[in-house]
file input_34.csv (CSV, C-alpha atoms and all ligand atoms)
chain,number,residue,atom,x,y,z
A,17,MET,CA,101.1,112.6,65.6
A,18,LYS,CA,98.7,111.7,68.5
A,19,ALA,CA,100.2,110.1,71.7
A,20,TRP,CA,99.3,109.5,75.3
A,21,VAL,CA,101.8,111.6,77.3
A,22,LEU,CA,102.3,111.4,81.1
A,23,LYS,CA,103.0,115.0,82.2
A,24,SER,CA,102.9,114.6,85.9
A,25,VAL,CA,102.4,111.7,88.4
A,26,ASN,CA,99.1,111.0,90.2
A,27,GLN,CA,97.1,111.7,87.1
A,28,LEU,CA,96.4,109.9,83.9
A,29,PRO,CA,98.3,110.5,80.7
A,30,GLU,CA,97.0,113.2,78.3
A,31,PHE,CA,96.0,112.5,74.7
A,32,CYS,CA,97.9,115.2,72.8
A,33,GLU,CA,99.8,116.1,69.6
A,34,VAL,CA,103.5,115.5,69.7
A,35,PRO,CA,106.2,115.5,66.9
A,36,VAL,CA,106.7,112.2,64.9
A,37,PRO,CA,110.1,110.9,66.2
A,38,GLU,CA,113.1,111.3,63.9
A,39,SER,CA,114.7,108.1,62.7
A,40,LYS,CA,118.4,107.8,63.7
A,41,GLU,CA,121.3,105.7,62.5
A,42,GLY,CA,120.5,102.1,63.5
A,43,TYR,CA,116.9,102.8,64.3
A,44,SER,CA,113.7,102.2,62.3
A,45,LEU,CA,110.4,104.0,62.4
A,46,VAL,CA,107.4,101.7,63.3
A,47,ASN,CA,103.9,102.8,62.4
A,48,LEU,CA,102.2,101.4,65.5
A,49,THR,CA,98.8,99.7,64.7
A,50,ALA,CA,98.2,98.6,68.3
A,51,SER,CA,99.7,98.7,71.8
A,52,SER,CA,98.8,97.1,75.2
A,53,LEU,CA,98.7,98.1,78.8
A,54,ASN,CA,100.9,96.6,81.5
A,55,HIS,CA,100.6,97.1,85.3
A,56,ARG,CA,103.9,99.0,85.0
A,57,ASP,CA,102.2,101.8,83.1
A,58,VAL,CA,99.7,102.1,86.0
A,59,TRP,CA,102.5,102.1,88.6
A,60,ILE,CA,104.3,104.9,86.7
A,61,THR,CA,101.2,107.1,86.7
A,62,LYS,CA,101.1,106.7,90.5
A,63,GLY,CA,104.7,107.6,90.8
A,64,LYS,CA,105.5,104.1,92.1
A,65,TYR,CA,108.4,103.4,89.7
A,66,ALA,CA,112.1,104.2,89.9
A,67,GLY,CA,113.6,106.9,87.7
A,68,ILE,CA,110.5,108.6,86.4
A,69,GLN,CA,111.3,111.4,83.9
A,70,LEU,CA,108.5,113.5,82.5
A,71,PRO,CA,107.0,114.2,80.1
A,72,CYS,CA,107.0,110.8,78.6
A,73,VAL,CA,104.9,108.8,76.1
A,74,LEU,CA,104.0,105.7,78.1
A,75,GLY,CA,103.7,102.1,76.7
A,76,SER,CA,106.0,99.1,76.6
A,77,ASP,CA,104.1,96.9,74.2
A,78,GLY,CA,103.5,97.7,70.5
A,79,ALA,CA,102.9,96.1,67.1
A,80,GLY,CA,102.8,97.7,63.7
A,81,ILE,CA,104.4,98.1,60.3
A,82,SER,CA,108.1,98.9,59.7
A,83,GLU,CA,109.8,98.9,56.3
A,84,GLY,CA,106.8,96.9,54.8
A,85,ARG,CA,106.9,94.1,57.5
A,86,ARG,CA,104.5,93.3,60.3
A,87,VAL,CA,106.6,93.7,63.4
A,88,LEU,CA,106.4,93.8,67.2
A,89,ILE,CA,108.9,95.4,69.6
A,90,ASN,CA,111.0,93.8,72.3
A,91,PRO,CA,110.5,96.3,75.2
A,92,GLY,CA,113.6,95.1,77.2
A,93,TRP,CA,116.5,97.1,75.9
A,94,TYR,CA,120.3,96.6,76.4
A,95,TRP,CA,120.1,93.5,78.6
A,96,GLY,CA,123.8,92.8,78.1
A,97,ALA,CA,125.9,89.7,77.7
A,98,ASN,CA,125.0,87.8,80.9
A,99,GLU,CA,121.9,85.6,80.5
A,100,ASP,CA,121.6,85.4,84.3
A,101,VAL,CA,120.9,89.0,85.0
A,102,GLN,CA,120.4,92.3,83.1
A,103,SER,CA,123.2,94.9,82.9
A,104,ARG,CA,123.1,98.3,84.5
A,105,ALA,CA,122.3,99.7,81.0
A,106,PHE,CA,119.0,97.7,80.9
A,107,ARG,CA,115.9,99.8,80.3
A,108,VAL,CA,112.3,99.1,79.6
A,109,LEU,CA,110.6,100.8,76.7
A,110,GLY,CA,108.0,103.5,77.8
A,111,MET,CA,110.1,105.2,80.6
A,112,PRO,CA,112.4,107.0,80.4
A,113,ASP,CA,112.3,106.5,76.6
A,114,ASN,CA,109.1,107.5,74.8
A,115,GLY,CA,106.9,104.4,74.4
A,116,THR,CA,104.2,102.8,72.3
A,117,PHE,CA,101.0,104.7,73.2
A,118,ALA,CA,101.6,106.8,70.0
A,119,GLU,CA,101.1,106.6,66.3
A,120,TYR,CA,104.8,106.2,65.6
A,121,ILE,CA,108.0,105.1,67.4
A,122,SER,CA,111.6,105.0,66.5
A,123,VAL,CA,113.3,101.8,67.7
A,124,PRO,CA,116.8,100.4,67.5
A,125,ARG,CA,116.6,97.7,64.8
A,126,GLU,CA,117.9,94.9,67.1
A,127,PHE,CA,114.6,95.2,69.1
A,128,ILE,CA,112.3,94.8,66.1
A,129,HIS,CA,111.0,91.3,65.4
A,130,GLU,CA,108.7,89.8,62.8
A,131,THR,CA,105.2,89.2,64.1
A,132,PRO,CA,104.3,85.5,64.3
A,133,PRO,CA,102.0,85.1,61.2
A,134,HIS,CA,99.0,83.6,63.1
A,135,LEU,CA,98.6,86.7,65.3
A,136,SER,CA,96.4,89.7,64.5
A,137,GLU,CA,97.7,93.2,65.2
A,138,VAL,CA,95.7,93.3,68.5
A,139,GLU,CA,97.1,89.9,69.6
A,140,ALA,CA,100.6,90.8,68.6
A,141,ALA,CA,100.5,94.0,70.7
A,142,ALA,CA,99.3,92.0,73.7
A,143,LEU,CA,102.4,89.7,73.6
A,144,PRO,CA,105.8,91.3,74.2
A,145,LEU,CA,106.3,92.4,77.9
A,146,ALA,CA,103.9,89.9,79.5
A,147,GLY,CA,105.0,87.1,77.2
A,148,VAL,CA,108.7,87.4,77.8
A,149,THR,CA,108.2,87.8,81.6
A,150,ALA,CA,106.1,84.6,81.7
A,151,TYR,CA,108.5,82.8,79.4
A,152,ARG,CA,111.6,83.6,81.5
A,153,ALA,CA,109.9,82.9,84.8
A,154,LEU,CA,108.4,79.6,83.7
A,155,MET,CA,110.6,78.2,80.9
A,156,SER,CA,114.1,79.6,81.4
A,157,LYS,CA,114.1,79.4,85.2
A,158,CYS,CA,112.0,76.2,85.8
A,159,HIS,CA,112.5,74.0,82.7
A,160,PRO,CA,109.0,72.5,83.0
A,161,ILE,CA,108.3,69.0,81.6
A,162,PRO,CA,104.8,67.5,81.0
A,163,SER,CA,104.7,65.5,84.3
A,164,HIS,CA,105.1,68.7,86.3
A,165,LYS,CA,102.3,70.2,88.4
A,166,VAL,CA,102.3,73.9,88.0
A,167,LEU,CA,100.5,76.6,90.1
A,168,VAL,CA,100.0,80.1,88.7
A,169,THR,CA,98.7,82.6,91.2
A,170,GLY,CA,96.3,85.4,90.1
A,171,ALA,CA,95.0,83.9,86.9
A,172,GLY,CA,93.5,87.1,85.5
A,173,GLY,CA,96.8,88.9,85.1
A,174,GLY,CA,98.6,89.5,81.8
A,175,VAL,CA,101.8,87.7,82.7
A,176,ALA,CA,99.9,85.0,84.6
A,177,LEU,CA,97.8,84.1,81.6
A,178,PHE,CA,100.8,83.6,79.4
A,179,ALA,CA,102.4,81.4,82.1
A,180,ILE,CA,99.2,79.3,82.1
A,181,GLN,CA,99.1,79.1,78.3
A,182,PHE,CA,102.8,78.1,78.1
A,183,ALA,CA,102.5,75.4,80.8
A,184,LEU,CA,99.3,74.0,79.2
A,185,ALA,CA,101.0,73.9,75.8
A,186,LEU,CA,103.7,71.8,77.3
A,187,GLY,CA,101.2,69.4,78.7
A,188,CYS,CA,101.7,70.2,82.4
A,189,GLU,CA,98.9,69.9,84.9
A,190,VAL,CA,98.1,73.5,85.8
A,191,TYR,CA,96.3,75.0,88.8
A,192,VAL,CA,95.5,78.6,89.4
A,193,THR,CA,94.3,81.0,92.1
A,194,SER,CA,92.2,84.1,91.4
A,195,GLY,CA,90.1,86.7,93.3
A,196,SER,CA,87.1,86.2,91.1
A,197,HIS,CA,84.9,83.2,90.3
A,198,MET,CA,84.3,84.4,86.8
A,199,LYS,CA,88.1,84.4,86.2
A,200,MET,CA,88.4,80.9,87.8
A,201,ASP,CA,85.8,79.6,85.4
A,202,ARG,CA,87.5,81.2,82.4
A,203,ALA,CA,90.8,79.5,83.5
A,204,ILE,CA,89.0,76.1,83.8
A,205,GLY,CA,87.6,76.8,80.3
A,206,MET,CA,91.2,77.1,79.0
A,207,GLY,CA,92.1,73.7,80.4
A,208,VAL,CA,93.5,74.2,83.9
A,209,ALA,CA,92.9,71.2,86.2
A,210,GLY,CA,91.7,73.3,89.2
A,211,ALA,CA,91.1,76.8,90.5
A,212,VAL,CA,90.7,78.3,94.0
A,213,ASN,CA,89.7,81.8,95.2
A,214,TYR,CA,92.6,83.5,97.0
A,215,ARG,CA,90.0,85.4,99.0
A,216,ASP,CA,88.9,82.2,100.8
A,217,ASP,CA,90.7,81.8,104.1
A,218,ASP,CA,91.5,78.2,103.4
A,219,TRP,CA,92.7,78.6,99.7
A,220,MET,CA,95.9,76.8,100.5
A,221,ASP,CA,94.1,73.8,102.0
A,222,GLN,CA,91.8,73.7,99.0
A,223,LEU,CA,94.8,73.5,96.7
A,224,LYS,CA,96.5,70.9,98.8
A,225,LYS,CA,93.4,68.7,98.6
A,226,MET,CA,93.1,69.2,94.9
A,227,ALA,CA,96.7,68.8,93.7
A,228,GLY,CA,98.8,67.5,96.6
A,229,GLY,CA,101.7,69.7,95.9
A,230,PHE,CA,103.4,71.6,93.1
A,231,ASP,CA,106.7,71.2,91.3
A,232,ILE,CA,106.6,74.8,89.9
A,233,ILE,CA,104.8,77.9,91.3
A,234,ILE,CA,104.7,81.2,89.5
A,235,ASP,CA,103.6,84.1,91.6
A,236,SER,CA,103.3,87.9,91.4
A,237,ALA,CA,101.6,88.6,94.7
A,238,GLY,CA,104.3,88.1,97.4
A,239,GLY,CA,102.9,89.3,100.8
A,240,ASP,CA,101.8,87.2,103.7
A,241,GLY,CA,100.4,84.4,101.4
A,242,PHE,CA,103.8,83.6,100.0
A,243,ARG,CA,104.7,81.4,103.0
A,244,HIS,CA,101.8,79.1,102.0
A,245,LEU,CA,103.4,78.6,98.5
A,246,VAL,CA,106.4,77.2,100.3
A,247,SER,CA,104.2,74.7,102.1
A,248,LEU,CA,102.5,73.8,98.8
A,249,SER,CA,105.8,73.1,97.0
A,250,ASN,CA,106.9,69.5,96.4
A,251,PRO,CA,110.4,68.6,97.6
A,252,GLY,CA,112.8,70.0,95.0
A,253,GLY,CA,110.2,72.4,93.8
A,254,LYS,CA,110.8,75.8,92.3
A,255,ILE,CA,109.0,79.0,93.1
A,256,VAL,CA,109.5,82.1,90.9
A,257,PHE,CA,108.1,85.5,91.6
A,258,TYR,CA,108.1,88.5,89.2
A,259,GLY,CA,105.9,90.9,91.1
A,260,GLY,CA,105.1,92.0,94.6
A,261,THR,CA,101.5,93.2,94.5
A,262,LEU,CA,100.9,92.3,98.2
A,263,GLY,CA,104.1,93.7,99.5
A,264,ASN,CA,106.8,92.1,101.7
A,265,ILE,CA,107.1,88.4,102.2
A,266,ASN,CA,106.6,87.6,105.9
A,267,GLY,CA,106.7,84.4,107.9
A,268,LEU,CA,108.8,82.3,105.6
A,269,ASN,CA,110.0,79.2,107.4
A,270,PRO,CA,113.7,78.6,106.6
A,271,GLN,CA,113.5,74.9,107.8
A,272,THR,CA,110.8,74.1,105.2
A,273,VAL,CA,112.8,75.8,102.5
A,274,PHE,CA,116.1,74.0,103.1
A,275,TRP,CA,114.6,70.6,104.1
A,276,LYS,CA,112.6,70.5,100.9
A,277,GLN,CA,115.6,71.8,98.9
A,278,LEU,CA,113.4,74.5,97.3
A,279,SER,CA,114.6,77.1,94.8
A,280,ILE,CA,113.0,80.4,95.3
A,281,MET,CA,113.8,82.8,92.5
A,282,GLY,CA,113.1,86.3,91.4
A,283,SER,CA,112.6,87.0,87.7
A,284,THR,CA,112.4,90.2,85.6
A,285,MET,CA,111.3,90.4,82.0
A,286,GLY,CA,113.8,88.5,79.8
A,287,SER,CA,117.0,88.6,77.7
A,288,PRO,CA,117.0,88.9,73.9
A,289,ARG,CA,117.4,85.1,73.9
A,290,ASP,CA,114.3,84.7,76.1
A,291,PHE,CA,112.4,87.0,73.8
A,292,ALA,CA,113.4,85.2,70.6
A,293,GLU,CA,112.6,81.8,72.2
A,294,MET,CA,109.3,83.1,73.4
A,295,LEU,CA,108.3,84.2,69.9
A,296,GLU,CA,109.4,80.8,68.5
A,297,PHE,CA,107.4,79.0,71.2
A,298,VAL,CA,104.3,81.1,70.5
A,299,ASP,CA,104.7,80.4,66.8
A,300,LYS,CA,105.2,76.7,67.2
A,301,HIS,CA,102.3,76.2,69.6
A,302,ARG,CA,100.0,78.7,67.8
A,303,ILE,CA,99.4,80.5,71.1
A,304,ILE,CA,96.9,83.3,71.0
A,305,PRO,CA,97.2,85.9,73.7
A,306,VAL,CA,94.0,86.3,75.8
A,307,VAL,CA,92.7,89.8,75.1
A,308,ASP,CA,90.1,91.2,77.6
A,309,GLU,CA,89.1,94.3,75.8
A,310,VAL,CA,90.1,96.5,72.8
A,311,PHE,CA,89.9,100.3,73.2
A,312,GLU,CA,90.0,103.0,70.5
A,313,MET,CA,93.0,105.3,70.9
A,314,GLU,CA,90.9,108.3,72.1
A,315,GLU,CA,89.5,106.3,75.0
A,316,TRP,CA,92.7,104.6,76.2
A,317,ASP,CA,92.5,106.3,79.6
A,318,LYS,CA,89.6,104.0,80.4
A,319,ALA,CA,92.0,101.0,80.2
A,320,PHE,CA,94.1,102.4,83.0
A,321,GLU,CA,91.0,102.7,85.3
A,322,LYS,CA,89.9,99.1,84.4
A,323,MET,CA,93.4,97.7,85.2
A,324,GLU,CA,93.5,99.5,88.5
A,325,GLN,CA,90.2,98.0,89.5
A,326,GLY,CA,91.5,94.6,88.5
A,327,GLN,CA,88.5,93.7,86.4
A,328,GLN,CA,90.3,92.3,83.4
A,329,PHE,CA,91.0,88.8,82.4
A,330,GLY,CA,93.9,89.1,80.0
A,331,LYS,CA,95.3,92.0,78.2
A,332,LEU,CA,93.8,95.5,77.5
A,333,VAL,CA,94.7,96.6,74.0
A,334,CYS,CA,94.6,99.9,72.3
A,335,ILE,CA,93.9,99.9,68.5
A,336,HIS,CA,95.7,102.9,66.8
A,337,SER,CA,94.2,102.9,63.3
B,401,LIG,N1,109.4,91.7,87.1
B,401,LIG,C1,108.9,91.9,85.9
B,401,LIG,O1,109.6,91.9,84.9
B,401,LIG,C2,107.4,92.2,85.7
B,401,LIG,C3,106.9,92.1,84.5
B,401,LIG,C4,105.5,92.3,84.4
B,401,LIG,C5,104.7,92.5,85.5
B,401,LIG,N2,105.4,92.6,86.7
B,401,LIG,C6,104.6,92.9,87.9
B,401,LIG,O2,103.7,91.8,88.1
B,401,LIG,C7,102.4,92.2,88.6
B,401,LIG,C8,101.3,91.7,87.7
B,401,LIG,O3,101.5,92.4,86.4
B,401,LIG,P1,100.5,92.3,85.2
B,401,LIG,O4,100.9,93.3,84.2
B,401,LIG,O5,100.3,90.9,84.8
B,401,LIG,O6,99.2,92.9,86.0
B,401,LIG,P2,97.6,92.7,85.8
B,401,LIG,O7,97.4,92.2,84.4
B,401,LIG,O8,97.0,94.0,86.2
B,401,LIG,O9,97.3,91.6,86.8
B,401,LIG,C9,97.3,91.8,88.2
B,401,LIG,C10,97.4,90.5,88.9
B,401,LIG,O10,97.4,90.6,90.3
B,401,LIG,C11,96.7,89.4,90.8
B,401,LIG,N3,96.4,89.6,92.2
B,401,LIG,C12,95.8,90.7,92.7
B,401,LIG,N4,95.6,90.4,94.1
B,401,LIG,C13,96.1,89.2,94.3
B,401,LIG,C14,96.2,88.4,95.5
B,401,LIG,N5,95.7,88.8,96.7
B,401,LIG,N6,96.8,87.2,95.4
B,401,LIG,C15,97.3,86.7,94.2
B,401,LIG,N7,97.2,87.5,93.0
B,401,LIG,C16,96.6,88.7,93.1
B,401,LIG,C17,95.5,89.4,89.8
B,401,LIG,O11,94.8,88.1,89.9
B,401,LIG,P3,93.3,88.0,89.5
B,401,LIG,O12,92.9,89.0,88.5
B,401,LIG,O13,93.2,86.6,89.0
B,401,LIG,O14,92.5,88.1,90.8
B,401,LIG,C18,96.3,89.5,88.5
B,401,LIG,O15,97.0,88.3,88.2
B,401,LIG,C19,102.6,93.7,88.8
B,401,LIG,O16,102.9,94.0,90.1
B,401,LIG,C20,103.6,94.1,87.8
B,401,LIG,O17,104.3,95.3,88.2
B,401,LIG,C21,106.7,92.5,86.9
call {"tool": "encode", "arguments": {"input": "input_34.csv", "output": "structure tokens", "more": "lines below"}}
Ligand SMILES: NC(=O)c1ccc[n+]([C@@H]2O[C@H](COP(=O)([O-])OP(=O)(O)OC[C@H]3O[C@@H](n4cnc5c(N)ncnc54)[C@H](OP(=O)(O)O)[C@@H]3O)[C@@H](O)[C@H]2O)c1
result
Amino acid sequence: MKAWVLKSVNQLPEFCEVPVPESKEGYSLVNLTASSLNHRDVWITKGKYAGIQLPCVLGSDGAGISEGRRVLINPGWYWGANEDVQSRAFRVLGMPDNGTFAEYISVPREFIHETPPHLSEVEAAALPLAGVTAYRALMSKCHPIPSHKVLVTGAGGGVALFAIQFALALGCEVYVTSGSHMKMDRAIGMGVAGAVNYRDDDWMDQLKKMAGGFDIIIDSAGGDGFRHLVSLSNPGGKIVFYGGTLGNINGLNPQTVFWKQLSIMGSTMGSPRDFAEMLEFVDKHRIIPVVDEVFEMEEWDKAFEKMEQGQQFGKLVCIHS
């Protein structure tokens, strides 16, 4: 079968011929019809990921056909019994285990789920990793209600867009930041109440003017700007971050955090319960993942370059057949 295999870091994966995986006891073979890219895949190609073992077929997200059913794969394996935190056995599909940028994959049956019927193969492949990360960060950690004001930073990102869609589906008033006016306009078109450009020096003042303050903030940037999120939080507010694109958080004022009784939480992917609830929520609200571009399998390397340049609004999807 054909697959995109990473053979060494600091280069893109290679499109090559590899053996079809053998099915083992408790596993099922999935004929993958589509897969999607996550920033994790890009970090891995750059060697910026713990525990890299090569060669490896990359890819955490996949949809396809298994035993006659339309399925998608939960990429978070062996979470363990504690809902609060993953076990030491936790692993993410696509490193070190061979991932979804291939024609076939063999997957433990417990991680195979029926595709919500309203989703196409392309849409289904866009959902798993980003969807469960957004679901846990927003829903499981913050328990939003319709009266909440929610800020999602970096509106163009895969996870961020699901957080926006989930919060809008609940009826929350949603605001976003983005580095591009085109992406801000796209977010407004989806129904967000306001958008500001994080490249403006006064982005936090603009948000304060627009919204007052926020009950929930979902962030993946970290860095120096994070301290402004604390200022923008309403008393009793919750800030969840699942990424650290801009590096270490500096200049956090402890007095503001404790006086406002803020909860600042980290979040990573999600448990099997989060994943199942996310699928139910997507099904109930007929949520359709935002897909930026679909690539043929042979040209999938172009998607890595596009994500690195940050041009996308939504998910980059690879169609396998
Ligand atoms: N902990 C976890 O389980 C988990 C899961 C998934 C992802 N992540 C991490 O989360 C990050 C995003 O992942 P993704 O797959 O959604 O990536 P992506 O689709 O490539 O999105 C990149 C994101 O970074 C935003 N961004 C860039 N510069 C920014 C800035 N100065 N301020 C605010 N936002 C900025 C972009 O916003 P605009 O495009 O709107 O400018 C966009 O939302 C990555 O670091 C990834 O490794 C963690």
call {"tool": "residues_around", "arguments": {"input": "input_34.csv", "residues": "Ser194 (chain A)", "least_positions_apart": "2", "cutoff": "7 Å", "atoms": "all atoms listed in the file", "output": "PyMOL selection string"}}
result
chain A and resi 169-172+192+196+199-200+212-214
call {"tool": "residues_near_point", "arguments": {"input": "input_34.csv", "point": "(117.9, 95.9, 74.3)", "cutoff": "6 Å", "atoms": "all atoms listed in the file", "output": "PyMOL selection string"}}
result
chain A and resi 92-95
call {"tool": "atom_distance", "arguments": {"input": "input_34.csv", "atom1": "CA of Phe320 (chain A)", "atom2": "CA of Cys32 (chain A)"}}
result
16.8 Å
call {"tool": "closest_atom_pairs", "arguments": {"input": "input_34.csv", "of": "chain A", "to": "ligand LIG 401 (chain B)", "cutoff": "8 Å", "atoms": "all atoms listed in the file", "output": "tab-separated table"}}
result
residue	atom	partner	partner_atom	distance
A:Leu53	CA	B:LIG401	O4	7.6
A:Asn54	CA	B:LIG401	O4	4.3
A:His55	CA	B:LIG401	O4	4.0
A:Arg56	CA	B:LIG401	O17	4.9
A:Trp59	CA	B:LIG401	O17	7.0
A:Leu145	CA	B:LIG401	C4	6.5
A:Ala146	CA	B:LIG401	C4	5.7
A:Thr149	CA	B:LIG401	C3	5.3
A:Thr169	CA	B:LIG401	C15	5.3
A:Gly170	CA	B:LIG401	O11	3.1
A:Ala171	CA	B:LIG401	O13	3.9
A:Gly172	CA	B:LIG401	O13	3.5
A:Gly173	CA	B:LIG401	O15	3.2
A:Gly174	CA	B:LIG401	O5	3.7
A:Val175	CA	B:LIG401	O5	4.1
A:Ala176	CA	B:LIG401	O15	5.7
A:Leu177	CA	B:LIG401	O15	7.9
A:Thr193	CA	B:LIG401	O13	6.5
A:Ser194	CA	B:LIG401	O13	3.6
A:Gly195	CA	B:LIG401	O14	3.7
A:Ser196	CA	B:LIG401	O14	5.7
A:Lys199	CA	B:LIG401	O13	6.2
A:Met200	CA	B:LIG401	O13	7.5
A:Tyr214	CA	B:LIG401	N6	5.8
A:Arg215	CA	B:LIG401	N5	7.0
A:Asp235	CA	B:LIG401	C15	7.3
A:Ser236	CA	B:LIG401	O2	5.1
A:Ala237	CA	B:LIG401	C15	4.7
A:Gly238	CA	B:LIG401	N6	7.8
A:Gly241	CA	B:LIG401	N6	7.5
A:Phe257	CA	B:LIG401	N1	7.8
A:Tyr258	CA	B:LIG401	N1	4.0
A:Gly259	CA	B:LIG401	O2	3.8
A:Gly260	CA	B:LIG401	O16	5.4
A:Thr261	CA	B:LIG401	O16	4.7
A:Leu262	CA	B:LIG401	N5	6.4
A:Gly282	CA	B:LIG401	N1	7.8
A:Ser283	CA	B:LIG401	N1	5.7
A:Thr284	CA	B:LIG401	O1	3.3
A:Met285	CA	B:LIG401	O1	3.7
A:Gly286	CA	B:LIG401	O1	7.4
A:Met323	CA	B:LIG401	O8	5.3
A:Glu324	CA	B:LIG401	O8	6.9
A:Gly326	CA	B:LIG401	O12	5.8
A:Gln327	CA	B:LIG401	O12	6.8
A:Gln328	CA	B:LIG401	O12	6.6
A:Phe329	CA	B:LIG401	O12	6.4
A:Gly330	CA	B:LIG401	O7	6.4
A:Lys331	CA	B:LIG401	O7	6.5
call {"tool": "write_last_selection", "arguments": {"input": "input_34.csv", "atoms": "C-alpha atoms", "output": "mmCIF file, in the coordinates of the input"}}
result
data_model
loop_
_atom_site.group_PDB
_atom_site.id
_atom_site.type_symbol
_atom_site.label_atom_id
_atom_site.label_comp_id
_atom_site.auth_asym_id
_atom_site.auth_seq_id
_atom_site.Cartn_x
_atom_site.Cartn_y
_atom_site.Cartn_z
ATOM 1 C CA LEU A 53 98.700 98.100 78.800
ATOM 2 C CA ASN A 54 100.900 96.600 81.500
ATOM 3 C CA HIS A 55 100.600 97.100 85.300
ATOM 4 C CA ARG A 56 103.900 99.000 85.000
ATOM 5 C CA TRP A 59 102.500 102.100 88.600
ATOM 6 C CA LEU A 145 106.300 92.400 77.900
ATOM 7 C CA ALA A 146 103.900 89.900 79.500
ATOM 8 C CA THR A 149 108.200 87.800 81.600
ATOM 9 C CA THR A 169 98.700 82.600 91.200
ATOM 10 C CA GLY A 170 96.300 85.400 90.100
ATOM 11 C CA ALA A 171 95.000 83.900 86.900
ATOM 12 C CA GLY A 172 93.500 87.100 85.500
ATOM 13 C CA GLY A 173 96.800 88.900 85.100
ATOM 14 C CA GLY A 174 98.600 89.500 81.800
ATOM 15 C CA VAL A 175 101.800 87.700 82.700
ATOM 16 C CA ALA A 176 99.900 85.000 84.600
ATOM 17 C CA LEU A 177 97.800 84.100 81.600
ATOM 18 C CA THR A 193 94.300 81.000 92.100
ATOM 19 C CA SER A 194 92.200 84.100 91.400
ATOM 20 C CA GLY A 195 90.100 86.700 93.300
ATOM 21 C CA SER A 196 87.100 86.200 91.100
ATOM 22 C CA LYS A 199 88.100 84.400 86.200
ATOM 23 C CA MET A 200 88.400 80.900 87.800
ATOM 24 C CA TYR A 214 92.600 83.500 97.000
ATOM 25 C CA ARG A 215 90.000 85.400 99.000
ATOM 26 C CA ASP A 235 103.600 84.100 91.600
ATOM 27 C CA SER A 236 103.300 87.900 91.400
ATOM 28 C CA ALA A 237 101.600 88.600 94.700
ATOM 29 C CA GLY A 238 104.300 88.100 97.400
ATOM 30 C CA GLY A 241 100.400 84.400 101.400
ATOM 31 C CA PHE A 257 108.100 85.500 91.600
ATOM 32 C CA TYR A 258 108.100 88.500 89.200
ATOM 33 C CA GLY A 259 105.900 90.900 91.100
ATOM 34 C CA GLY A 260 105.100 92.000 94.600
ATOM 35 C CA THR A 261 101.500 93.200 94.500
ATOM 36 C CA LEU A 262 100.900 92.300 98.200
ATOM 37 C CA GLY A 282 113.100 86.300 91.400
ATOM 38 C CA SER A 283 112.600 87.000 87.700
ATOM 39 C CA THR A 284 112.400 90.200 85.600
ATOM 40 C CA MET A 285 111.300 90.400 82.000
ATOM 41 C CA GLY A 286 113.800 88.500 79.800
ATOM 42 C CA MET A 323 93.400 97.700 85.200
ATOM 43 C CA GLU A 324 93.500 99.500 88.500
ATOM 44 C CA GLY A 326 91.500 94.600 88.500
ATOM 45 C CA GLN A 327 88.500 93.700 86.400
ATOM 46 C CA GLN A 328 90.300 92.300 83.400
ATOM 47 C CA PHE A 329 91.000 88.800 82.400
ATOM 48 C CA GLY A 330 93.900 89.100 80.000
ATOM 49 C CA LYS A 331 95.300 92.000 78.200
#
call {"tool": "closest_residue", "arguments": {"input": "input_34.csv", "among": "A:Pro37, A:Pro132, A:Pro112, A:Pro71", "to": "Ile304 (chain A)", "atoms": "only C-alpha atoms"}}
result
A:Pro132
call {"tool": "residues_around", "arguments": {"input": "input_34.csv", "residues": "Gly78 (chain A)", "least_positions_apart": "4", "cutoff": "6 Å", "atoms": "all atoms listed in the file", "output": "number ranges by chain"}}
result
A: 50-51, 88-89, 116, 141
call {"tool": "atom_distance", "arguments": {"input": "input_34.csv", "atom1": "CA of Val333 (chain A)", "atom2": "CA of Val166 (chain A)"}}
result
27.7 Å
call {"tool": "closest_residue", "arguments": {"input": "input_34.csv", "among": "A:Glu296, A:Glu315, A:Asp77, A:Glu321", "to": "Pro133 (chain A)", "atoms": "all atoms listed in the file"}}
result
A:Glu296
call {"tool": "residues_around", "arguments": {"input": "input_34.csv", "residues": "Leu70 (chain A)", "least_positions_apart": "5", "cutoff": "10 Å", "atoms": "only C-alpha atoms", "output": "number ranges by chain"}}
result
A: 21-25, 111-114
call {"tool": "atom_distance", "arguments": {"input": "input_34.csv", "atom1": "CA of Glu137 (chain A)", "atom2": "CA of Tyr65 (chain A)"}}
result
28.6 Å
call {"tool": "closest_residue", "arguments": {"input": "input_34.csv", "among": "A:Val310, A:His301, A:Val246, A:Leu332", "to": "His134 (chain A)", "atoms": "all atoms listed in the file"}}
result
A:His301
